[in-house]
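Here's target_7.cif, which has mmCIF, C-alpha atoms:
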```cif
data_structure
#
loop_
_atom_site.label_atom_id
_atom_site.label_comp_id
_atom_site.auth_asym_id
_atom_site.auth_seq_id
_atom_site.Cartn_x
_atom_site.Cartn_y
_atom_site.Cartn_z
CA MET A 1 30.01 20.75 -10.58
CA ASN A 2 33.36 20.39 -8.84
CA HIS A 3 33.23 16.60 -8.38
CA ASP A 4 30.80 13.71 -8.20
CA PRO A 5 29.01 13.91 -4.84
CA ASP A 6 28.82 10.83 -2.66
CA TRP A 7 25.44 9.04 -2.67
CA ALA A 8 25.19 9.58 1.08
CA LEU A 9 24.86 13.31 0.44
CA TYR A 10 21.83 12.77 -1.78
CA ARG A 11 20.38 10.45 0.84
CA THR A 12 20.69 13.24 3.37
CA LEU A 13 19.17 15.74 0.94
CA LEU A 14 16.15 13.47 0.48
CA ALA A 15 15.77 13.08 4.23
CA VAL A 16 15.81 16.86 4.76
CA LEU A 17 13.28 17.39 1.96
CA ASP A 18 10.99 14.73 3.40
CA ALA A 19 11.37 15.73 7.04
CA GLY A 20 11.42 19.50 6.54
CA SER A 21 14.25 20.27 8.97
CA LEU A 22 17.81 19.26 9.81
CA SER A 23 16.90 17.90 13.22
CA ALA A 24 14.00 15.80 11.92
CA ALA A 25 16.19 14.47 9.10
CA ALA A 26 18.87 13.55 11.63
CA ARG A 27 16.35 11.55 13.65
CA ALA A 28 15.14 9.76 10.51
CA LEU A 29 18.71 8.90 9.50
CA GLY A 30 19.84 7.97 12.99
CA THR A 31 22.60 10.56 13.00
CA THR A 32 23.21 14.05 14.40
CA GLN A 33 22.05 17.46 13.21
CA PRO A 34 25.64 18.74 12.67
CA THR A 35 26.33 15.73 10.43
CA VAL A 36 23.21 16.46 8.36
CA ALA A 37 24.21 20.13 8.09
CA ARG A 38 27.71 19.14 6.92
CA HIS A 39 26.24 16.82 4.28
CA VAL A 40 24.00 19.60 2.95
CA ASP A 41 26.93 22.03 2.86
CA ALA A 42 29.11 19.46 1.09
CA LEU A 43 26.46 18.77 -1.54
CA GLU A 44 25.89 22.49 -2.14
CA SER A 45 29.64 22.94 -2.54
CA ALA A 46 29.87 20.01 -4.97
CA LEU A 47 26.94 21.30 -7.03
CA GLY A 48 28.01 24.93 -6.82
CA ALA A 49 24.50 26.07 -5.89
CA ASP A 50 22.27 26.55 -2.86
CA LEU A 51 19.78 23.81 -2.01
CA PHE A 52 18.00 25.54 0.87
CA VAL A 53 17.25 29.06 1.94
CA ARG A 54 17.30 29.70 5.67
CA SER A 55 14.29 31.74 6.80
CA GLN A 56 12.23 32.38 9.92
CA ARG A 57 10.02 29.46 8.87
CA GLY A 58 13.03 27.14 8.71
CA LEU A 59 14.57 25.56 5.63
CA GLU A 60 12.97 26.41 2.31
CA PRO A 61 14.12 24.16 -0.58
CA THR A 62 15.32 25.94 -3.68
CA GLU A 63 14.08 25.11 -7.14
CA LEU A 64 17.21 23.01 -7.67
CA ALA A 65 16.54 20.95 -4.54
CA VAL A 66 12.99 20.30 -5.61
CA SER A 67 14.16 19.21 -9.06
CA LEU A 68 16.65 16.77 -7.52
CA ARG A 69 14.08 15.15 -5.26
CA PRO A 70 12.67 12.52 -7.70
CA HIS A 71 16.19 11.54 -8.74
CA ALA A 72 17.29 11.16 -5.12
CA ARG A 73 14.15 9.11 -4.50
CA THR A 74 15.09 6.83 -7.39
CA MET A 75 18.59 6.45 -5.97
CA ALA A 76 17.16 5.53 -2.56
CA THR A 77 14.80 2.99 -4.08
CA THR A 78 17.59 1.45 -6.15
CA ALA A 79 19.92 1.29 -3.14
CA ALA A 80 17.24 -0.48 -1.10
CA ALA A 81 16.63 -2.94 -3.94
CA LEU A 82 20.38 -3.54 -4.20
CA LEU A 83 20.56 -4.39 -0.49
CA ARG A 84 17.61 -6.77 -0.80
CA ALA A 85 19.22 -8.47 -3.79
CA ALA A 86 22.48 -8.86 -1.89
CA SER A 87 20.78 -10.13 1.28
CA GLY A 88 20.80 -13.75 0.09
CA ALA A 89 22.26 -15.95 -2.58
CA GLN A 90 20.24 -16.30 -5.80
CA GLY A 91 19.31 -19.93 -5.13
CA ASP A 92 18.68 -19.67 -1.38
CA PHE A 93 15.43 -19.21 0.54
CA ALA A 94 17.15 -16.50 2.54
CA GLY A 95 17.32 -12.73 2.47
CA THR A 96 14.75 -9.95 2.24
CA VAL A 97 11.66 -9.64 0.08
CA ARG A 98 9.64 -6.40 0.01
CA ILE A 99 5.88 -6.67 -0.48
CA THR A 100 3.52 -3.78 -1.12
CA ALA A 101 -0.21 -4.13 -0.50
CA SER A 102 -3.25 -2.19 0.64
CA ASP A 103 -3.75 -1.69 4.37
CA VAL A 104 -6.73 -4.06 4.47
CA VAL A 105 -4.84 -6.85 2.69
CA GLY A 106 -1.79 -6.27 4.87
CA VAL A 107 -3.72 -6.41 8.13
CA GLU A 108 -6.56 -8.81 7.38
CA HIS A 109 -5.04 -11.36 4.97
CA LEU A 110 -1.26 -11.39 5.05
CA PRO A 111 -0.34 -12.21 8.69
CA PRO A 112 -1.22 -15.94 8.57
CA ILE A 113 0.32 -16.29 5.10
CA LEU A 114 3.56 -14.66 6.20
CA THR A 115 3.60 -16.72 9.41
CA ARG A 116 3.43 -19.96 7.42
CA LEU A 117 6.08 -18.65 5.05
CA ARG A 118 8.42 -17.75 7.89
CA ARG A 119 8.03 -21.18 9.46
CA ALA A 120 8.83 -22.83 6.14
CA HIS A 121 11.79 -20.52 5.43
CA PRO A 122 13.17 -19.16 8.74
CA ALA A 123 16.02 -17.33 6.99
CA LEU A 124 13.55 -15.24 5.01
CA ALA A 125 12.82 -11.65 6.05
CA ILE A 126 9.80 -9.66 4.84
CA GLU A 127 9.44 -5.92 4.38
CA LEU A 128 5.77 -4.95 4.25
CA ALA A 129 4.81 -1.60 2.74
CA LEU A 130 1.11 -0.89 3.21
CA SER A 131 -0.44 1.73 0.96
CA ASP A 132 -3.34 2.09 -1.43
CA VAL A 133 -0.94 3.82 -3.83
CA VAL A 134 0.21 1.47 -6.59
CA GLY A 135 3.97 1.03 -6.30
CA ASP A 136 6.27 0.98 -9.32
CA LEU A 137 7.77 -2.50 -9.57
CA LEU A 138 9.88 -1.55 -12.57
CA ALA A 139 11.58 1.06 -10.37
CA ARG A 140 11.98 -1.67 -7.72
CA GLU A 141 9.94 0.16 -5.08
CA ALA A 142 8.97 -3.37 -4.04
CA ASP A 143 9.74 -6.90 -5.16
CA ILE A 144 6.13 -8.12 -5.13
CA ALA A 145 2.88 -6.17 -5.26
CA ILE A 146 -0.65 -7.19 -4.37
CA ARG A 147 -2.93 -5.05 -6.49
CA MET A 148 -6.63 -4.44 -6.85
CA VAL A 149 -6.11 -3.09 -10.37
CA GLU A 150 -4.83 -4.83 -13.48
CA PRO A 151 -1.10 -4.18 -14.00
CA THR A 152 -0.34 -2.12 -17.08
CA GLN A 153 3.46 -2.06 -17.02
CA GLY A 154 5.45 -4.45 -19.14
CA ALA A 155 8.24 -6.75 -17.92
CA LEU A 156 6.07 -8.05 -15.07
CA LEU A 157 5.14 -11.53 -13.96
CA ALA A 158 1.47 -11.36 -12.95
CA ARG A 159 -1.02 -13.85 -11.58
CA ARG A 160 -4.71 -12.98 -11.65
CA LEU A 161 -6.74 -14.52 -8.85
CA PRO A 162 -10.53 -14.75 -8.52
CA PRO A 163 -11.96 -11.29 -7.77
CA VAL A 164 -12.66 -10.12 -4.25
CA ASP A 165 -16.35 -9.85 -3.38
CA LEU A 166 -17.58 -6.82 -1.47
CA GLY A 167 -20.93 -6.40 0.21
CA PHE A 168 -22.88 -4.39 2.77
CA HIS A 169 -22.38 -5.54 6.36
CA ALA A 170 -23.35 -4.48 9.84
CA HIS A 171 -22.91 -5.72 13.39
CA ARG A 172 -25.84 -7.63 14.89
CA ASP A 173 -26.11 -5.06 17.68
CA TYR A 174 -26.65 -2.27 15.16
CA LEU A 175 -29.31 -4.24 13.27
CA ASP A 176 -31.09 -5.10 16.52
CA ARG A 177 -31.15 -1.40 17.31
CA ALA A 178 -31.89 0.11 13.89
CA GLY A 179 -33.49 -2.70 11.92
CA THR A 180 -32.38 -4.39 8.69
CA PRO A 181 -32.78 -2.59 5.35
CA ALA A 182 -34.82 -4.54 2.81
CA ALA A 183 -33.74 -2.48 -0.21
CA ILE A 184 -30.89 -0.15 -1.00
CA GLY A 185 -33.23 2.82 -0.79
CA ASP A 186 -33.73 2.00 2.89
CA LEU A 187 -30.12 2.98 3.61
CA SER A 188 -31.21 6.61 3.77
CA ALA A 189 -32.71 5.82 7.16
CA HIS A 190 -29.52 4.19 8.45
CA ASP A 191 -26.06 5.21 9.63
CA VAL A 192 -23.95 4.50 6.55
CA ILE A 193 -20.16 4.23 6.68
CA GLY A 194 -18.39 5.38 3.53
CA TYR A 195 -15.50 7.20 1.90
CA ASP A 196 -14.40 10.77 2.46
CA THR A 197 -12.46 11.64 -0.71
CA GLU A 198 -14.14 10.64 -3.94
CA THR A 199 -11.88 8.92 -6.48
CA PRO A 200 -12.60 7.74 -10.05
CA ALA A 201 -12.80 4.14 -8.79
CA LEU A 202 -15.28 5.11 -6.08
CA ARG A 203 -17.34 7.14 -8.53
CA ALA A 204 -17.57 4.09 -10.78
CA MET A 205 -18.67 1.98 -7.84
CA ALA A 206 -21.20 4.56 -6.68
CA ALA A 207 -22.67 4.71 -10.19
CA ARG A 208 -23.82 1.13 -9.68
CA LEU A 209 -25.47 2.16 -6.41
CA PRO A 210 -27.33 5.40 -7.21
CA PRO A 211 -28.87 5.99 -3.75
CA LEU A 212 -25.42 6.26 -2.13
CA ASP A 213 -24.41 9.87 -1.59
CA ARG A 214 -21.28 10.85 0.30
CA ARG A 215 -23.08 13.77 1.89
CA THR A 216 -25.48 11.40 3.66
CA PHE A 217 -22.78 9.18 5.19
CA ALA A 218 -22.82 9.18 8.98
CA LEU A 219 -19.10 8.34 9.00
CA ARG A 220 -16.67 9.28 6.23
CA ALA A 221 -13.14 7.81 6.18
CA ASP A 222 -10.66 7.13 3.40
CA SER A 223 -9.04 4.35 5.44
CA ASN A 224 -10.61 1.01 4.59
CA LEU A 225 -9.35 -0.33 7.90
CA ALA A 226 -11.17 2.45 9.74
CA GLN A 227 -14.37 1.60 7.88
CA VAL A 228 -14.06 -2.10 8.76
CA ALA A 229 -13.38 -1.19 12.40
CA ALA A 230 -16.48 1.02 12.46
CA ILE A 231 -18.62 -1.80 11.07
CA ARG A 232 -17.27 -4.16 13.71
CA SER A 233 -17.99 -1.65 16.48
CA GLY A 234 -21.66 -1.43 15.52
CA PHE A 235 -21.51 2.13 14.21
CA GLY A 236 -23.62 1.38 11.15
CA ILE A 237 -23.73 -0.27 7.73
CA GLY A 238 -20.72 -0.28 5.43
CA ILE A 239 -19.08 -2.12 2.58
CA CYS A 240 -16.30 -4.58 3.29
CA GLN A 241 -14.86 -7.76 1.86
CA VAL A 242 -17.23 -10.70 2.19
CA ALA A 243 -14.33 -12.99 3.18
CA ILE A 244 -13.30 -10.69 6.03
CA ALA A 245 -16.82 -10.29 7.38
CA GLY A 246 -17.37 -14.03 7.13
CA ARG A 247 -14.78 -14.64 9.84
CA ASP A 248 -16.82 -12.72 12.42
CA PRO A 249 -20.15 -14.31 13.43
CA ALA A 250 -21.28 -10.95 14.83
CA LEU A 251 -21.23 -9.39 11.37
CA VAL A 252 -24.28 -9.82 9.17
CA ARG A 253 -24.44 -9.28 5.45
CA VAL A 254 -27.33 -7.00 4.50
CA LEU A 255 -28.74 -6.47 1.03
CA PRO A 256 -27.06 -9.74 -0.05
CA ALA A 257 -28.30 -9.39 -3.63
CA ILE A 258 -25.83 -6.52 -4.07
CA THR A 259 -22.25 -7.67 -4.69
CA LEU A 260 -19.38 -5.52 -5.88
CA THR A 261 -16.07 -7.01 -7.00
CA LEU A 262 -12.45 -5.96 -7.07
CA PRO A 263 -9.81 -7.61 -9.27
CA LEU A 264 -6.91 -9.24 -7.45
CA TRP A 265 -3.41 -9.54 -8.91
CA ILE A 266 -0.07 -10.74 -7.53
CA VAL A 267 2.74 -9.09 -9.48
CA MET A 268 6.54 -9.06 -9.50
CA HIS A 269 9.29 -8.03 -11.89
CA GLU A 270 10.02 -10.81 -14.38
CA ASP A 271 13.74 -10.59 -13.57
CA LEU A 272 12.94 -12.01 -10.13
CA LYS A 273 11.13 -15.15 -11.29
CA THR A 274 14.30 -17.23 -10.97
CA ASN A 275 15.10 -15.77 -7.55
CA ALA A 276 14.28 -18.57 -5.10
CA ARG A 277 13.15 -16.42 -2.18
CA CYS A 278 11.03 -14.07 -4.33
CA ARG A 279 9.42 -17.00 -6.12
CA ALA A 280 8.67 -18.71 -2.78
CA VAL A 281 6.93 -15.56 -1.51
CA PHE A 282 5.08 -15.05 -4.81
CA ASP A 283 3.76 -18.63 -4.79
CA ALA A 284 2.78 -18.41 -1.11
CA LEU A 285 0.81 -15.23 -1.78
CA VAL A 286 -0.95 -16.77 -4.78
CA GLU A 287 -2.00 -19.76 -2.71
CA GLY A 288 -2.91 -17.85 0.44
CA LEU A 289 -4.80 -15.01 -1.22
CA ASP A 290 -7.09 -17.23 -3.28
CA LEU A 291 -10.27 -16.22 -1.47
CA SER A 292 -12.56 -18.44 -3.52
CA GLU A 293 -13.41 -22.00 -2.64
CA ALA A 294 -12.40 -23.60 -5.92
CA ALA A 295 -10.69 -20.74 -7.78
CA PRO A 296 -12.04 -21.87 -11.17
CA GLY A 297 -11.12 -18.61 -12.88
CA ALA A 298 -7.53 -18.16 -11.79
CA THR A 299 -5.23 -17.45 -14.70
CA ALA A 300 -1.56 -16.70 -15.10
CA THR A 301 0.27 -14.20 -17.27
CA CYS A 302 4.02 -14.72 -17.52
#
```
Can the structure in the file be given as structure tokens, please?
Amino acid sequence: MNHDPDWALYRTLLAVLDAGSLSAAARALGTTQPTVARHVDALESALGADLFVRSQRGLEPTELAVSLRPHARTMATTAAALLRAASGAQGDFAGTVRITASDVVGVEHLPPILTRLRRAHPALAIELALSDVVGDLLAREADIAIRMVEPTQGALLARRLPPVDLGFHAHRDYLDRAGTPAAIGDLSAHDVIGYDTETPALRAMAARLPPLDRRTFALRADSNLAQVAAIRSGFGIGICQVAIAGRDPALVRVLPAITLTLPLWIVMHEDLKTNARCRAVFDALVEGLDLSEAAPGATATC
């Protein structure tokens, strides 16, 4: 290596790897294609090795480029965390806080909580990353995570809330048209909304409901939001959060004796517990996401 490459060059490398072309990377970075090309050339010169092979199919990353990708991703994550940390003084309710959550939580539960938070702290900005993939808080991919699994990493401040109840629901129009199942075995005669890709968590859930078979689903989707939307449209019967369905008088819970539960955790890195803005967001999420009436089982782990 001739010299230490500038971080901006690795940022460009990551953008090209993610986007697959110089032009797409330029659009993602808000710059020009010649600038991206110069960055790639400069990084190759600094490293003394090729990062891409030009072919008829476009840019093909070399083995070296692929090996650098996770390290460049870590650098990008750290740089973003650095900017968030510098966005406000330690004791101020100002600056940026990044929250990661599932798409359903982000769309169905967080908007009113974040609205109240913004009104209370108008200098606070929120970054919302919606994904069912569990983010790595220790790597600072986010400041606060809302998780449906128990955190296993150390050095985390975690608050366990009462579990989220799930149940079968359908729109009244569908039940008027197709009838209401009296037992789970009756679902075979109905349009069932379910998952597409089977995961270990879904297999465990299905084991408690033997008659459910992915092959018999009338609609298969891995997006929980898509499933909820299909239930609301009257497509058929599906599983969704009881609290969400309870807001819509047109949705009816069927087979009410069957209740599934998901754990609910609010988690952040313990180094952030004295950060005023992160603590304000953490506490607001704990209060707003308590979906039980009395929350008798809420516990804290610090």
Residues picked by the PyMOL selection byres ((chain A and resi 197) around 12) here, as a list in words?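 After applying the PyMOL selection byres ((chain A and resi 197) around 12), what remains is Gly194, Tyr195, Asp196, Glu198, Thr199, Pro200, Ala201, Leu202, Arg203, Arg214, Arg215, Arg220, Ala221, Asp222 and Ser223 of chain A.
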Residues picked by the PyMOL selection byres ((chain A and resi 102-118) around 6) here, as an MDAnalysis selection string? chainID A and resid 101 119:122 130:132 225 288
Hey, which of A:Thr31, A:Thr216, A:Ser45, A:Thr100 ends up closest to A:Asp191? Count all atoms listed in the file. A:Thr216
Got a sec to resolve the PyMOL selection byres ((chain A and resi 127) around 6) on this structure and send the residues as a ChimeraX atom specification? /A:98,126,128
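With only C-alpha atoms as the atoms that count, the minimum distance from A:Gly238 to the choices A:Leu187, A:Val164, A:Leu13, A:Ala49 is reached by A:Leu187.
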Can you list, as a count of residues only, every protein, DNA or RNA residue that comes within 12 Å of A:Arg159 when you count all atoms listed in the file, leaving out same-chain residues fewer than 4 positions away? 30
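The smallest atom-to-atom distance between A:Ala245 and any of A:Val36, A:Ala182, A:Ala170, A:Leu291, using all atoms listed in the file, is found for A:Ala170.
Pairwise distance (atom CA of A:Met75, atom CA of A:Ala276) equals 25.4 Å.
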To test the calculation: enclose all listed atoms of stretch 93-98 of chain A in a box whose edges run along x, y and z, add 8 Å on each side, then state centre and edge lengths in Å to one decimal, as lines of an AutoDock Vina configuration file.
```
center_x = 13.5
center_y = -12.8
center_z = 1.3
size_x = 23.7
size_y = 28.8
size_z = 18.5
```
Residue contacts of A:Asp4 (12 Å, all atoms listed in the file) excluding same-chain residues fewer than 3 positions away, as an MDAnalysis selection string: chainID A and resid 1 7:10 42:48
At what distance in Å, to one decimal, does atom CA of A:Leu59 lie from atom CA of A:Ala26?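 We find that atom CA of A:Ala26 and atom CA of A:Leu59 lie 14.1 Å from each other.
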Name the residues in contact with A:Thr35 at a cut-off of 10 Å, using all atoms listed in the file, excluding same-chain residues fewer than 4 positions from it; report them as a list in words. Thr12, Leu22, Ala26, Thr31, His39, Val40 and Asp41 of chain A
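Comparing the minimum interatomic distances between A:Ala218 and each of A:Tyr174, A:Phe235, A:Phe93, A:Phe52, counting all atoms listed in the file, we find that A:Phe235 sits nearest.
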Fix up stretch 155-166 of chain A with all heavy atoms, then write it as a PDB file, keeping the file's coordinate frame.
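Wrote selection_21.pdb, looks like this:
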```pdb
ATOM      1  N   ALA A 155       7.137  -6.109 -18.654  1.00  0.00           N
ATOM      2  CA  ALA A 155       8.240  -6.750 -17.920  1.00  0.00           C
ATOM      3  C   ALA A 155       7.828  -7.190 -16.529  1.00  0.00           C
ATOM      4  O   ALA A 155       8.623  -7.167 -15.596  1.00  0.00           O
ATOM      5  CB  ALA A 155       9.448  -5.811 -17.848  1.00  0.00           C
ATOM      6  N   LEU A 156       6.555  -7.596 -16.365  1.00  0.00           N
ATOM      7  CA  LEU A 156       6.070  -8.050 -15.070  1.00  0.00           C
ATOM      8  C   LEU A 156       5.534  -9.472 -15.183  1.00  0.00           C
ATOM      9  O   LEU A 156       4.928  -9.851 -16.187  1.00  0.00           O
ATOM     10  CB  LEU A 156       4.967  -7.134 -14.541  1.00  0.00           C
ATOM     11  CG  LEU A 156       5.350  -5.685 -14.228  1.00  0.00           C
ATOM     12  CD1 LEU A 156       4.123  -4.916 -13.750  1.00  0.00           C
ATOM     13  CD2 LEU A 156       6.459  -5.621 -13.186  1.00  0.00           C
ATOM     14  N   LEU A 157       5.756 -10.233 -14.114  1.00  0.00           N
ATOM     15  CA  LEU A 157       5.140 -11.530 -13.960  1.00  0.00           C
ATOM     16  C   LEU A 157       3.889 -11.330 -13.112  1.00  0.00           C
ATOM     17  O   LEU A 157       3.986 -10.833 -11.988  1.00  0.00           O
ATOM     18  CB  LEU A 157       6.097 -12.510 -13.277  1.00  0.00           C
ATOM     19  CG  LEU A 157       5.535 -13.865 -12.854  1.00  0.00           C
ATOM     20  CD1 LEU A 157       5.213 -14.699 -14.081  1.00  0.00           C
ATOM     21  CD2 LEU A 157       6.525 -14.598 -11.955  1.00  0.00           C
ATOM     22  N   ALA A 158       2.727 -11.657 -13.645  1.00  0.00           N
ATOM     23  CA  ALA A 158       1.470 -11.360 -12.950  1.00  0.00           C
ATOM     24  C   ALA A 158       0.586 -12.591 -12.880  1.00  0.00           C
ATOM     25  O   ALA A 158       0.480 -13.349 -13.845  1.00  0.00           O
ATOM     26  CB  ALA A 158       0.729 -10.220 -13.658  1.00  0.00           C
ATOM     27  N   ARG A 159      -0.053 -12.769 -11.757  1.00  0.00           N
ATOM     28  CA  ARG A 159      -1.020 -13.850 -11.580  1.00  0.00           C
ATOM     29  C   ARG A 159      -2.361 -13.231 -11.165  1.00  0.00           C
ATOM     30  O   ARG A 159      -2.439 -12.520 -10.156  1.00  0.00           O
ATOM     31  CB  ARG A 159      -0.545 -14.837 -10.518  1.00  0.00           C
ATOM     32  CG  ARG A 159      -1.550 -15.947 -10.212  1.00  0.00           C
ATOM     33  CD  ARG A 159      -1.713 -16.906 -11.358  1.00  0.00           C
ATOM     34  NE  ARG A 159      -0.467 -17.602 -11.666  1.00  0.00           N
ATOM     35  CZ  ARG A 159      -0.088 -18.735 -11.066  1.00  0.00           C
ATOM     36  NH1 ARG A 159      -0.838 -19.294 -10.149  1.00  0.00           N
ATOM     37  NH2 ARG A 159       1.054 -19.306 -11.412  1.00  0.00           N
ATOM     38  N   ARG A 160      -3.374 -13.479 -11.973  1.00  0.00           N
ATOM     39  CA  ARG A 160      -4.710 -12.980 -11.650  1.00  0.00           C
ATOM     40  C   ARG A 160      -5.448 -14.038 -10.851  1.00  0.00           C
ATOM     41  O   ARG A 160      -5.568 -15.185 -11.268  1.00  0.00           O
ATOM     42  CB  ARG A 160      -5.486 -12.641 -12.920  1.00  0.00           C
ATOM     43  CG  ARG A 160      -6.869 -12.047 -12.647  1.00  0.00           C
ATOM     44  CD  ARG A 160      -7.571 -11.704 -13.938  1.00  0.00           C
ATOM     45  NE  ARG A 160      -7.849 -12.885 -14.740  1.00  0.00           N
ATOM     46  CZ  ARG A 160      -8.237 -12.839 -16.017  1.00  0.00           C
ATOM     47  NH1 ARG A 160      -8.343 -11.671 -16.618  1.00  0.00           N
ATOM     48  NH2 ARG A 160      -8.480 -13.953 -16.678  1.00  0.00           N
ATOM     49  N   LEU A 161      -5.965 -13.626  -9.702  1.00  0.00           N
ATOM     50  CA  LEU A 161      -6.740 -14.520  -8.850  1.00  0.00           C
ATOM     51  C   LEU A 161      -8.229 -14.190  -8.980  1.00  0.00           C
ATOM     52  O   LEU A 161      -8.597 -13.148  -9.529  1.00  0.00           O
ATOM     53  CB  LEU A 161      -6.293 -14.373  -7.392  1.00  0.00           C
ATOM     54  CG  LEU A 161      -4.842 -14.778  -7.096  1.00  0.00           C
ATOM     55  CD1 LEU A 161      -4.549 -14.607  -5.617  1.00  0.00           C
ATOM     56  CD2 LEU A 161      -4.562 -16.196  -7.537  1.00  0.00           C
ATOM     57  N   PRO A 162      -9.095 -15.070  -8.496  1.00  0.00           N
ATOM     58  CA  PRO A 162     -10.530 -14.750  -8.520  1.00  0.00           C
ATOM     59  C   PRO A 162     -10.787 -13.411  -7.839  1.00  0.00           C
ATOM     60  O   PRO A 162     -10.115 -13.067  -6.859  1.00  0.00           O
ATOM     61  CB  PRO A 162     -11.158 -15.907  -7.743  1.00  0.00           C
ATOM     62  CG  PRO A 162     -10.216 -17.039  -7.945  1.00  0.00           C
ATOM     63  CD  PRO A 162      -8.849 -16.420  -7.959  1.00  0.00           C
ATOM     64  N   PRO A 163     -11.720 -12.628  -8.339  1.00  0.00           N
ATOM     65  CA  PRO A 163     -11.960 -11.290  -7.770  1.00  0.00           C
ATOM     66  C   PRO A 163     -12.439 -11.354  -6.330  1.00  0.00           C
ATOM     67  O   PRO A 163     -12.960 -12.369  -5.862  1.00  0.00           O
ATOM     68  CB  PRO A 163     -13.032 -10.714  -8.698  1.00  0.00           C
ATOM     69  CG  PRO A 163     -13.705 -11.903  -9.295  1.00  0.00           C
ATOM     70  CD  PRO A 163     -12.645 -12.945  -9.444  1.00  0.00           C
ATOM     71  N   VAL A 164     -12.248 -10.244  -5.641  1.00  0.00           N
ATOM     72  CA  VAL A 164     -12.660 -10.120  -4.250  1.00  0.00           C
ATOM     73  C   VAL A 164     -14.080  -9.578  -4.196  1.00  0.00           C
ATOM     74  O   VAL A 164     -14.376  -8.527  -4.780  1.00  0.00           O
ATOM     75  CB  VAL A 164     -11.704  -9.173  -3.489  1.00  0.00           C
ATOM     76  CG1 VAL A 164     -12.167  -8.975  -2.053  1.00  0.00           C
ATOM     77  CG2 VAL A 164     -10.276  -9.710  -3.539  1.00  0.00           C
ATOM     78  N   ASP A 165     -14.950 -10.289  -3.515  1.00  0.00           N
ATOM     79  CA  ASP A 165     -16.350  -9.850  -3.380  1.00  0.00           C
ATOM     80  C   ASP A 165     -16.498  -8.867  -2.232  1.00  0.00           C
ATOM     81  O   ASP A 165     -15.941  -9.062  -1.141  1.00  0.00           O
ATOM     82  CB  ASP A 165     -17.264 -11.056  -3.134  1.00  0.00           C
ATOM     83  CG  ASP A 165     -17.430 -11.928  -4.367  1.00  0.00           C
ATOM     84  OD1 ASP A 165     -17.208 -11.424  -5.483  1.00  0.00           O
ATOM     85  OD2 ASP A 165     -17.776 -13.117  -4.219  1.00  0.00           O
ATOM     86  N   LEU A 166     -17.251  -7.813  -2.479  1.00  0.00           N
ATOM     87  CA  LEU A 166     -17.580  -6.820  -1.470  1.00  0.00           C
ATOM     88  C   LEU A 166     -19.090  -6.788  -1.264  1.00  0.00           C
ATOM     89  O   LEU A 166     -19.852  -6.998  -2.215  1.00  0.00           O
ATOM     90  CB  LEU A 166     -17.103  -5.429  -1.885  1.00  0.00           C
ATOM     91  CG  LEU A 166     -15.648  -5.255  -2.300  1.00  0.00           C
ATOM     92  CD1 LEU A 166     -15.423  -3.838  -2.816  1.00  0.00           C
ATOM     93  CD2 LEU A 166     -14.725  -5.539  -1.141  1.00  0.00           C
TER      94      LEU A 166
END
```
